[in-house]
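Here is the structure we will look at.
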Amino acid sequence: MVSHSGLITVMERAARKAAPRLRRDFNEVQHLQVSRKGPADFVSMADKRAEQTLFEELSAARPDWAFVMEERGEVEGNPDKPRFVVDPLDGTSNFLHGIPHFAISIAAEEPKPGGKWETIAALVYQPLTDESFWAEKGRGAWLTDQRLRVSARGELSEALIATGIPFLGHGDFAQWSRIFGAVAPSVAGIRRFGSAALDLAWVAAGRYDGFWESGLARWDVAAGLLLVKEAGGYVTDYRGGDRMIERGEYLAANDGLHTKLHKLVAGALR
């Protein structure tokens, strides 16, 4: 059994504490109270209850840490200490439609000079399959106690690529269409399953060979990005740089495929 830090233990315990209620709510989704945050952007009582449980568990274990949370927003803490970045239910639309593909995403970030933050620990937990994807900086990525590695495929013609498709009020459909038009003819398949956290975890696990999406929030990707990096993958923005969060652009794959995907994406955006 692989050992991990106390921080991962805290994060996993919190996720597992929130998971049973999410499973119950998923089985009774027609009875959930749902409100609208914006066009095609919904929040349910399941999101809020899960986030409250996560907040209580994590803040009890690390009382002086700050939080960045999807529903609650920013909660101040000691500025010299790390913070948690939490998405209590990544894949809310799937959840509300009875599609069993969603996850809890938790990242821990350390403050760096210049107001920047660096992810040091990550957890993506799928409550229905009981899959716990976790990573720590410098210690690799894992699925429970199984070491994860990105896929070894080197040819686009063999690659299965994940993405997120813009929808009502969200994303740049013209830009996405150009990228899709460049990538689709070159790869073995493209999937859109509706949870960026799980998409990135699956890239880390070698289930997907690559991923691209834009317009995602920090809580959608903070954990997944570390998983991919610690599994030996490569993550950049669409320009090949490291300003993914600032630009809201994410391109992930193994080293060999990333170069080829980036060439297609960059060409589509010229």
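Note on naming: chains are A, B, ... as they come in the structure tokens, residues start from 1 per chain, ligands start from 1 in the order shown.
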
> Per DSSP on the backbone, what are the alpha helix (DSSP H) residues of region 108-220 of chain A, as a list in words?
Replying inline: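 For region 108-220 of chain A, the alpha helix (DSSP H) set is Phe173, Ala174, Gln175, Trp176, Ser177, Arg178, Ile179, Phe180, Gly181, Ala182, Val183, Ala196, Ala197, Leu198, Asp199, Leu200, Ala201, Trp202, Val203, Ala204, Arg218, Trp219 and Asp220 of chain A.
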
> Can you list, as a count of residues only, every residue of region 114-205 of chain A that DSSP puts in strand (DSSP E or B)?
Replying inline: 32

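Taking only C-alpha atoms, the non-local environment of Ser186 (chain A) within 9 Å (same-chain residues fewer than 3 positions away omitted) comprises A:Leu156, A:Ser157, A:Ala159, A:Ala182, A:Val183, A:Gly189.
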
Save out the residues we just selected, N, CA, C and O atoms, as a compact mmCIF listing (two decimals), in the first residue's frame.
# COMPACT_ATOMS: atom_id res chain seq x y z
N LEU A 156 -0.99 10.58 -33.53
CA LEU A 156 -2.32 11.17 -33.44
C LEU A 156 -3.38 10.22 -33.98
O LEU A 156 -4.51 10.19 -33.48
N SER A 157 -3.03 9.43 -34.98
CA SER A 157 -4.00 8.53 -35.60
C SER A 157 -4.48 7.44 -34.63
O SER A 157 -5.49 6.78 -34.88
N ALA A 159 -4.79 8.24 -31.24
CA ALA A 159 -5.09 8.97 -30.01
C ALA A 159 -6.58 9.26 -29.83
O ALA A 159 -7.28 9.64 -30.76
N ALA A 182 -9.38 21.21 -37.04
CA ALA A 182 -7.99 20.85 -37.26
C ALA A 182 -7.63 19.51 -36.61
O ALA A 182 -6.86 18.72 -37.18
N VAL A 183 -8.21 19.24 -35.44
CA VAL A 183 -7.83 18.05 -34.67
C VAL A 183 -8.58 16.80 -35.13
O VAL A 183 -7.99 15.73 -35.30
N GLY A 189 -10.36 9.58 -32.27
CA GLY A 189 -11.68 9.91 -31.73
C GLY A 189 -11.61 11.08 -30.80
O GLY A 189 -10.55 11.41 -30.25

>> From the options A:Lys48, A:His262, A:Lys116, A:Arg207, which residue's atoms come nearest to Tyr250 (chain A), counting only C-alpha atoms?
In response: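 Answer, going by the shortest atom-to-atom distance: A:His262.
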
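Taking CA of Ser59 (chain A) as the reference point, CA of Arg147 (chain A) is found at 28.8 Å.
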
> Neighbours of Asn94 (chain A) within 12 Å (only C-alpha atoms; same-chain residues fewer than 3 positions away dropped), as a ChimeraX atom specification?
Replying inline: /A:26,29,41-44,89-91,97-103,192-196

> Pick the closest to Pro82 (chain A) from A:Arg24, A:Lys112, A:Lys263, A:Arg16: which is it, counting only C-alpha atoms?
Replying inline: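 When distances to Pro82 (chain A) are compared using only C-alpha atoms, the smallest one comes from A:Lys112.
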
> Between A:Lys229, A:Arg270, A:Arg153, A:Lys137, which has the minimum distance to Ile179 (chain A) (counting only C-alpha atoms)?
Replying inline: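 Checking each of A:Lys229, A:Arg270, A:Arg153, A:Lys137 against Ile179 (chain A), counting only C-alpha atoms, the winner is A:Arg270.
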
> When you draw a straight line from CA of Glu136 (chain A) to CA of Gly215 (chain A), how long is it in Å?
Replying inline: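 Computing it gives 25.4 Å between the two atoms.
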
Proximity check region 110-225 of chain A to region 75-80 of chain A, 12 Å, nearest pairs one decimal Å, only C-alpha atoms, as CSV:
residue,atom,partner,partner_atom,distance
A:Glu110,CA,A:Asp80,CA,8.4
A:Pro111,CA,A:Asp80,CA,6.8
A:Lys112,CA,A:Asp80,CA,9.3
A:Pro113,CA,A:Asp80,CA,10.8
A:Gly115,CA,A:Pro79,CA,10.1
A:Lys116,CA,A:Pro79,CA,11.8
A:Trp117,CA,A:Pro79,CA,11.3

Go ahead and save the picked residues with C-alpha atoms, as a compact mmCIF listing (two decimals), in the first residue's frame.
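Contents of the output file out.txt:
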# COMPACT_ATOMS: atom_id res chain seq x y z
CA GLU A 110 1.09 27.17 -1.85
CA PRO A 111 1.65 30.94 -2.13
CA LYS A 112 4.57 32.04 -4.29
CA PRO A 113 6.21 35.44 -4.86
CA GLY A 115 0.88 36.66 -5.92
CA LYS A 116 1.14 33.35 -7.75
CA TRP A 117 0.06 29.96 -6.44

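The smallest atom-to-atom distance between Gln126 (chain A) and any of A:Phe95, A:Trp212, A:Trp65, A:Phe173, using only C-alpha atoms, is found for A:Phe95.
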
> Near Ala122 (chain A), within 7 Å and counting only C-alpha atoms, which residues show up once chain neighbours fewer than 2 positions away are dropped, as a ChimeraX atom specification?
Replying inline: /A:106-108,124,134-136,223,226-227

With N, CA, C and O atoms kept, could you save the residues just selected as a PDB file, in the first residue's frame?
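Listing of selection-v5.pdb after writing:
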ATOM      1  N   ILE A 106     -10.434  18.622  -5.400  1.00  0.00           N
ATOM      2  CA  ILE A 106      -9.796  19.403  -4.335  1.00  0.00           C
ATOM      3  C   ILE A 106      -8.312  19.546  -4.657  1.00  0.00           C
ATOM      4  O   ILE A 106      -7.633  18.554  -4.918  1.00  0.00           O
ATOM      5  N   ALA A 107      -7.815  20.775  -4.630  1.00  0.00           N
ATOM      6  CA  ALA A 107      -6.385  21.025  -4.785  1.00  0.00           C
ATOM      7  C   ALA A 107      -5.897  21.837  -3.596  1.00  0.00           C
ATOM      8  O   ALA A 107      -6.642  22.630  -3.016  1.00  0.00           O
ATOM      9  N   ALA A 108      -4.646  21.636  -3.232  1.00  0.00           N
ATOM     10  CA  ALA A 108      -3.987  22.472  -2.226  1.00  0.00           C
ATOM     11  C   ALA A 108      -2.893  23.255  -2.933  1.00  0.00           C
ATOM     12  O   ALA A 108      -2.080  22.675  -3.674  1.00  0.00           O
ATOM     13  N   VAL A 124      -9.024  14.048  -7.146  1.00  0.00           N
ATOM     14  CA  VAL A 124     -10.263  14.007  -7.918  1.00  0.00           C
ATOM     15  C   VAL A 124     -10.944  12.699  -7.554  1.00  0.00           C
ATOM     16  O   VAL A 124     -10.399  11.617  -7.804  1.00  0.00           O
ATOM     17  N   TRP A 134      -5.191  10.824  -7.040  1.00  0.00           N
ATOM     18  CA  TRP A 134      -4.514  11.816  -6.211  1.00  0.00           C
ATOM     19  C   TRP A 134      -3.069  11.981  -6.642  1.00  0.00           C
ATOM     20  O   TRP A 134      -2.494  11.101  -7.280  1.00  0.00           O
ATOM     21  N   ALA A 135      -2.506  13.128  -6.312  1.00  0.00           N
ATOM     22  CA  ALA A 135      -1.121  13.418  -6.661  1.00  0.00           C
ATOM     23  C   ALA A 135      -0.543  14.397  -5.656  1.00  0.00           C
ATOM     24  O   ALA A 135      -1.258  15.216  -5.077  1.00  0.00           O
ATOM     25  N   GLU A 136       0.766  14.270  -5.462  1.00  0.00           N
ATOM     26  CA  GLU A 136       1.513  15.249  -4.679  1.00  0.00           C
ATOM     27  C   GLU A 136       2.716  15.685  -5.501  1.00  0.00           C
ATOM     28  O   GLU A 136       3.321  14.876  -6.208  1.00  0.00           O
ATOM     29  N   ALA A 223      -6.720  20.630  -9.591  1.00  0.00           N
ATOM     30  CA  ALA A 223      -6.312  19.276  -9.205  1.00  0.00           C
ATOM     31  C   ALA A 223      -5.902  18.459 -10.423  1.00  0.00           C
ATOM     32  O   ALA A 223      -4.875  17.767 -10.412  1.00  0.00           O
ATOM     33  N   LEU A 226      -2.279  19.016 -11.912  1.00  0.00           N
ATOM     34  CA  LEU A 226      -1.183  18.371 -11.188  1.00  0.00           C
ATOM     35  C   LEU A 226      -1.174  16.865 -11.441  1.00  0.00           C
ATOM     36  O   LEU A 226      -0.101  16.263 -11.577  1.00  0.00           O
ATOM     37  N   LEU A 227      -2.350  16.265 -11.525  1.00  0.00           N
ATOM     38  CA  LEU A 227      -2.415  14.834 -11.831  1.00  0.00           C
ATOM     39  C   LEU A 227      -1.700  14.525 -13.149  1.00  0.00           C
ATOM     40  O   LEU A 227      -0.899  13.591 -13.229  1.00  0.00           O
TER      41      LEU A 227
END

> A:Thr236, A:Ser105, A:Thr129, A:Thr92: which is nearest Ala46 (chain A), counting only C-alpha atoms?
Replying inline: A:Thr92

> What is the distance between CA of Arg243 (chain A) and CA of Ala217 (chain A), in Å to one decimal?
Replying inline: 13.3 Å

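Residue nearest Ala152 (chain A) within the list A:Arg218, A:His258, A:Arg49, A:Arg139: A:His258 [criterion: smallest interatomic distance, only C-alpha atoms].
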
>> Can you tell me which residues surround Thr163 (chain A) at a distance of at most 8 Å, considering only C-alpha atoms, apart from same-chain residues fewer than 4 positions away, and format the answer as a ChimeraX atom specification?
In response: /A:190-192,199,211-213

Residues within 8 Å of Val221 (chain A), please, as a PDB file with N, CA, C and O atoms, in the first residue's frame. Count only C-alpha atoms; anything in the same chain fewer than 5 positions from it doesn't count.
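Generated file (selection-v5.pdb):
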ATOM      1  N   ALA A 196     -14.400  18.320 -16.597  1.00  0.00           N
ATOM      2  CA  ALA A 196     -12.987  18.590 -16.892  1.00  0.00           C
ATOM      3  C   ALA A 196     -12.076  17.933 -15.866  1.00  0.00           C
ATOM      4  O   ALA A 196     -10.978  17.477 -16.205  1.00  0.00           O
ATOM      5  N   ALA A 197     -12.508  17.904 -14.600  1.00  0.00           N
ATOM      6  CA  ALA A 197     -11.684  17.275 -13.563  1.00  0.00           C
ATOM      7  C   ALA A 197     -11.432  15.807 -13.891  1.00  0.00           C
ATOM      8  O   ALA A 197     -10.303  15.312 -13.793  1.00  0.00           O
ATOM      9  N   LEU A 200      -9.109  15.321 -17.078  1.00  0.00           N
ATOM     10  CA  LEU A 200      -7.689  15.428 -16.790  1.00  0.00           C
ATOM     11  C   LEU A 200      -7.193  14.223 -15.988  1.00  0.00           C
ATOM     12  O   LEU A 200      -6.087  13.725 -16.225  1.00  0.00           O
ATOM     13  N   LEU A 216     -12.306  27.480 -18.624  1.00  0.00           N
ATOM     14  CA  LEU A 216     -12.526  26.760 -17.371  1.00  0.00           C
ATOM     15  C   LEU A 216     -12.061  27.594 -16.187  1.00  0.00           C
ATOM     16  O   LEU A 216     -11.119  28.375 -16.285  1.00  0.00           O
TER      17      LEU A 216
END
